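What follows is a single structure, written as structure tokens, with notes after it.
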Amino acid sequence: MRVLIVGGAGYIGSHVCKALAQRGDEPVVFDNLSRGHRHAVRWGPLFEGDIRQARDLDAVFTQYRPAAVMHFAANIEVGEGQREPLAFWDNNVAGVVSLLGAMKRAACEVLVFSSTCATYGTPQSLPLTEDEPQTPINVYGRTKLAVEQLLADIASAEAFRYAALRYFNASGASPDGEIGEEHDPETHLIPNALKAAAGRGGPMKLFGVDYDTSDGTCERDFIHVMDLANAHLAALDRLQDGAHSFVCNVGTGTGYSVKAVLDAVEAVTGLPVPYEIHDRRPGDPPRLYADVERSRDLLGFRPERSDLHSIVQDAWNFYKRIW
Ligand code: UDP
């Protein structure tokens, strides 16, 4: 099956392309390369274009006639969203409106959409089920929630069907070290901890040690990017089999503290992680971890590589190759 991977040159999109190609599907990447990397497009053609440009989208649909679309092209950095809300709403929401228009013109009716646990905000109860109220506390989460609402409206009026996957903390790298996480600037915990361990760029900033958690640092649910990629394939298959639209968490169900991650980094690298303690980072809920029942029932999803050691080991192997 041919699938249009919008944002396929980025971190998660490129791993999904790899997983699709490995099982014989045909990913076509659409990306403006503003954040993605040409070298991460290895499993099919790259069409350079912008989702806000109807002409670019119509051209890629006409040329490749994909059976379905997966959407990864979004601004994701929480702090940047607070500083540049208009850019976030433009790319993350107006961009999807534009994409949906092109899908409609091309009679392409199936979408797998990258949503996020940031749509829940600070949870009232844990583990987080999909029925938790969605009250995002930052611009990033609000743009993703707006798209979820948009998708629901369209699916109730038209033949269009979608899966919105609410990811927890995507992490790790392709186990063979071929592709990995390359954000610039990098804001995520595991790459920053590995960077600090490797002596690149000084000590890591640890944001907050006074949370009401096991050791005072935030707790997160880390999901290996290859497991996450496989969840996308399962969601696509369900939709292709005729399922109704659905939303679903993708996580492991277990939270690990920031300090536990630093311990894992030290164990994997054999190096100390120098860090300095900073104030809390605005917009960080203390604890986030997924209720995984729906992902099991709907997608048959069981993470296979999301233990902290494998995640950190795979990320480290990737960075050792490119640094
Ligand atoms: N974090 C940190 N230092 C960093 C990056 C992240 O202390 O350089 C903390 C952050 O405050 C949060 C956790 O690590 O508590 C996970 O942050 P990340 O940005 O990786 O993912 P998020 O949960 O925000 O999506």
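Each chain of the structure tokens is named A, B, ... in the order shown, its residues numbered from 1; ligands are numbered from 1 in display order.
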
Item to complete: Can you pull out every residue within 8 Å of Gly177 of chain A, counting only C-alpha atoms, but drop anything in the same chain fewer than 6 positions away, and send it as an MDAnalysis selection string?
Response: chainID A and resid 314:315 317:318 321

Discussion item. Give me the residues near segment 75-79 of chain A as JSON, numbers by chain, where near means some atom within 7 Å (using only C-alpha atoms) and where sequence neighbours in that chain fewer than 2 positions away do not count.
Written reply: {"A": [81, 82, 83, 88, 91, 92, 138, 140]}

Can you write just those residues out, N, CA and C atoms, as a PDB file, in the first residue's frame?
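Dumped to result_4.pdb:
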ATOM      1  N   GLY A  81       6.198  27.169  21.410  1.00  0.00           N
ATOM      2  CA  GLY A  81       4.773  27.454  21.227  1.00  0.00           C
ATOM      3  C   GLY A  81       4.303  28.612  22.086  1.00  0.00           C
ATOM      4  N   GLN A  82       4.821  28.684  23.301  1.00  0.00           N
ATOM      5  CA  GLN A  82       4.430  29.789  24.197  1.00  0.00           C
ATOM      6  C   GLN A  82       4.938  31.127  23.638  1.00  0.00           C
ATOM      7  N   ARG A  83       6.107  31.093  23.000  1.00  0.00           N
ATOM      8  CA  ARG A  83       6.683  32.334  22.451  1.00  0.00           C
ATOM      9  C   ARG A  83       6.107  32.693  21.095  1.00  0.00           C
ATOM     10  N   PHE A  88       2.543  28.275  15.636  1.00  0.00           N
ATOM     11  CA  PHE A  88       2.035  26.949  15.993  1.00  0.00           C
ATOM     12  C   PHE A  88       0.637  26.716  15.430  1.00  0.00           C
ATOM     13  N   ASN A  91       0.933  26.315  11.500  1.00  0.00           N
ATOM     14  CA  ASN A  91       1.444  25.035  10.996  1.00  0.00           C
ATOM     15  C   ASN A  91       0.602  23.861  11.500  1.00  0.00           C
ATOM     16  N   ASN A  92       0.315  23.844  12.796  1.00  0.00           N
ATOM     17  CA  ASN A  92      -0.308  22.658  13.394  1.00  0.00           C
ATOM     18  C   ASN A  92      -1.807  22.565  13.115  1.00  0.00           C
ATOM     19  N   ASN A 138      -0.748  24.222  27.513  1.00  0.00           N
ATOM     20  CA  ASN A 138       0.184  24.990  26.673  1.00  0.00           C
ATOM     21  C   ASN A 138      -0.336  25.056  25.239  1.00  0.00           C
ATOM     22  N   TYR A 140       1.062  24.195  22.442  1.00  0.00           N
ATOM     23  CA  TYR A 140       1.251  22.955  21.681  1.00  0.00           C
ATOM     24  C   TYR A 140       0.051  22.012  21.877  1.00  0.00           C
TER      25      TYR A 140
END

Worksheet entry | Contacts of ligand 1, 10 Å or closer, only C-alpha atoms and all ligand atoms, given as a PyMOL selection string | chain A and resi 76-79+116-118+167-171+186-193+195-196+203-209+211+217-222+256-259+261-262+275-288

Worksheet item: Restricting the calculation to only C-alpha atoms, which member of A:Trp89, A:Phe61, A:Phe30, A:Tyr120 is positioned closest to Met103 of chain A?
Response: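 Using only C-alpha atoms, Met103 of chain A sits closest to A:Phe61.
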
Practice prompt. Would you mind listing what lies within 10 Å of Pro127 of chain A as a PyMOL selection string, with only C-alpha atoms counted and same-chain residues fewer than 6 positions away left out?
Written response: chain A and resi 253-255+287-292

Worksheet item: Mind checking DSSP for segment 67-142 of chain A and telling me the alpha helix (DSSP H) residues as a ChimeraX atom specification?
Response: /A:78-83,85-88,95-105,139-142

Would you export the selected residues with N, CA and C atoms as a compact mmCIF listing (two decimals), in the first residue's frame, please?
# COMPACT_ATOMS: atom_id res chain seq x y z
N VAL A 78 7.39 22.79 23.29
CA VAL A 78 6.41 23.49 24.13
C VAL A 78 6.80 24.96 24.36
N GLY A 79 8.05 25.21 24.70
CA GLY A 79 8.48 26.58 24.98
C GLY A 79 8.35 27.49 23.76
N GLU A 80 8.67 26.93 22.60
CA GLU A 80 8.56 27.71 21.36
C GLU A 80 7.10 28.09 21.10
N GLY A 81 6.20 27.17 21.41
CA GLY A 81 4.77 27.45 21.23
C GLY A 81 4.30 28.61 22.09
N GLN A 82 4.82 28.68 23.30
CA GLN A 82 4.43 29.79 24.20
C GLN A 82 4.94 31.13 23.64
N ARG A 83 6.11 31.09 23.00
CA ARG A 83 6.68 32.33 22.45
C ARG A 83 6.11 32.69 21.09
N PRO A 85 2.89 31.59 19.37
CA PRO A 85 1.63 30.86 19.20
C PRO A 85 1.08 30.90 17.77
N LEU A 86 1.25 32.03 17.11
CA LEU A 86 0.67 32.13 15.76
C LEU A 86 1.32 31.12 14.81
N ALA A 87 2.64 30.97 14.93
CA ALA A 87 3.33 30.00 14.07
C ALA A 87 2.82 28.59 14.36
N PHE A 88 2.54 28.28 15.64
CA PHE A 88 2.04 26.95 15.99
C PHE A 88 0.64 26.72 15.43
N GLY A 95 -2.36 24.15 8.88
CA GLY A 95 -1.71 23.16 8.01
C GLY A 95 -2.57 21.92 7.85
N VAL A 96 -3.22 21.48 8.92
CA VAL A 96 -4.07 20.28 8.82
C VAL A 96 -5.36 20.60 8.04
N VAL A 97 -5.90 21.81 8.22
CA VAL A 97 -7.09 22.20 7.43
C VAL A 97 -6.73 22.10 5.94
N SER A 98 -5.56 22.61 5.61
CA SER A 98 -5.10 22.58 4.22
C SER A 98 -4.92 21.13 3.74
N LEU A 99 -4.32 20.29 4.59
CA LEU A 99 -4.11 18.89 4.23
C LEU A 99 -5.45 18.17 4.01
N LEU A 100 -6.41 18.44 4.90
CA LEU A 100 -7.71 17.77 4.78
C LEU A 100 -8.43 18.20 3.51
N GLY A 101 -8.26 19.46 3.13
CA GLY A 101 -8.84 19.93 1.87
C GLY A 101 -8.26 19.17 0.69
N ALA A 102 -6.95 18.98 0.71
CA ALA A 102 -6.30 18.26 -0.38
C ALA A 102 -6.72 16.79 -0.39
N MET A 103 -6.85 16.19 0.80
CA MET A 103 -7.31 14.80 0.87
C MET A 103 -8.70 14.68 0.26
N LYS A 104 -9.55 15.65 0.56
CA LYS A 104 -10.92 15.61 0.04
C LYS A 104 -10.91 15.72 -1.49
N ARG A 105 -10.11 16.64 -2.00
CA ARG A 105 -10.05 16.80 -3.47
C ARG A 105 -9.53 15.53 -4.13
N VAL A 139 0.29 25.94 24.47
CA VAL A 139 -0.14 26.19 23.09
C VAL A 139 -0.04 24.91 22.26
N TYR A 140 1.06 24.19 22.44
CA TYR A 140 1.25 22.95 21.68
C TYR A 140 0.05 22.01 21.88
N GLY A 141 -0.29 21.76 23.15
CA GLY A 141 -1.40 20.86 23.43
C GLY A 141 -2.73 21.39 22.89
N ARG A 142 -2.91 22.71 22.95
CA ARG A 142 -4.17 23.28 22.44
C ARG A 142 -4.28 23.12 20.93

Worksheet item: Which neighbours of segment 42-47 of chain A fall inside 8 Å, counting only C-alpha atoms, when residues of the same chain fewer than 5 positions from it are skipped, and could you give them as a list in words?
Response: Cys17, Lys18, Ala21, Glu26, Pro27, Val28, Val29, Phe30, Asp31 and Val60 of chain A

Worksheet, complete the sentence: Counting only C-alpha atoms, the residue among A:Leu194, A:Val93, A:Ala229, A:Leu298 that lies closest to His244 of chain A is A:Leu298
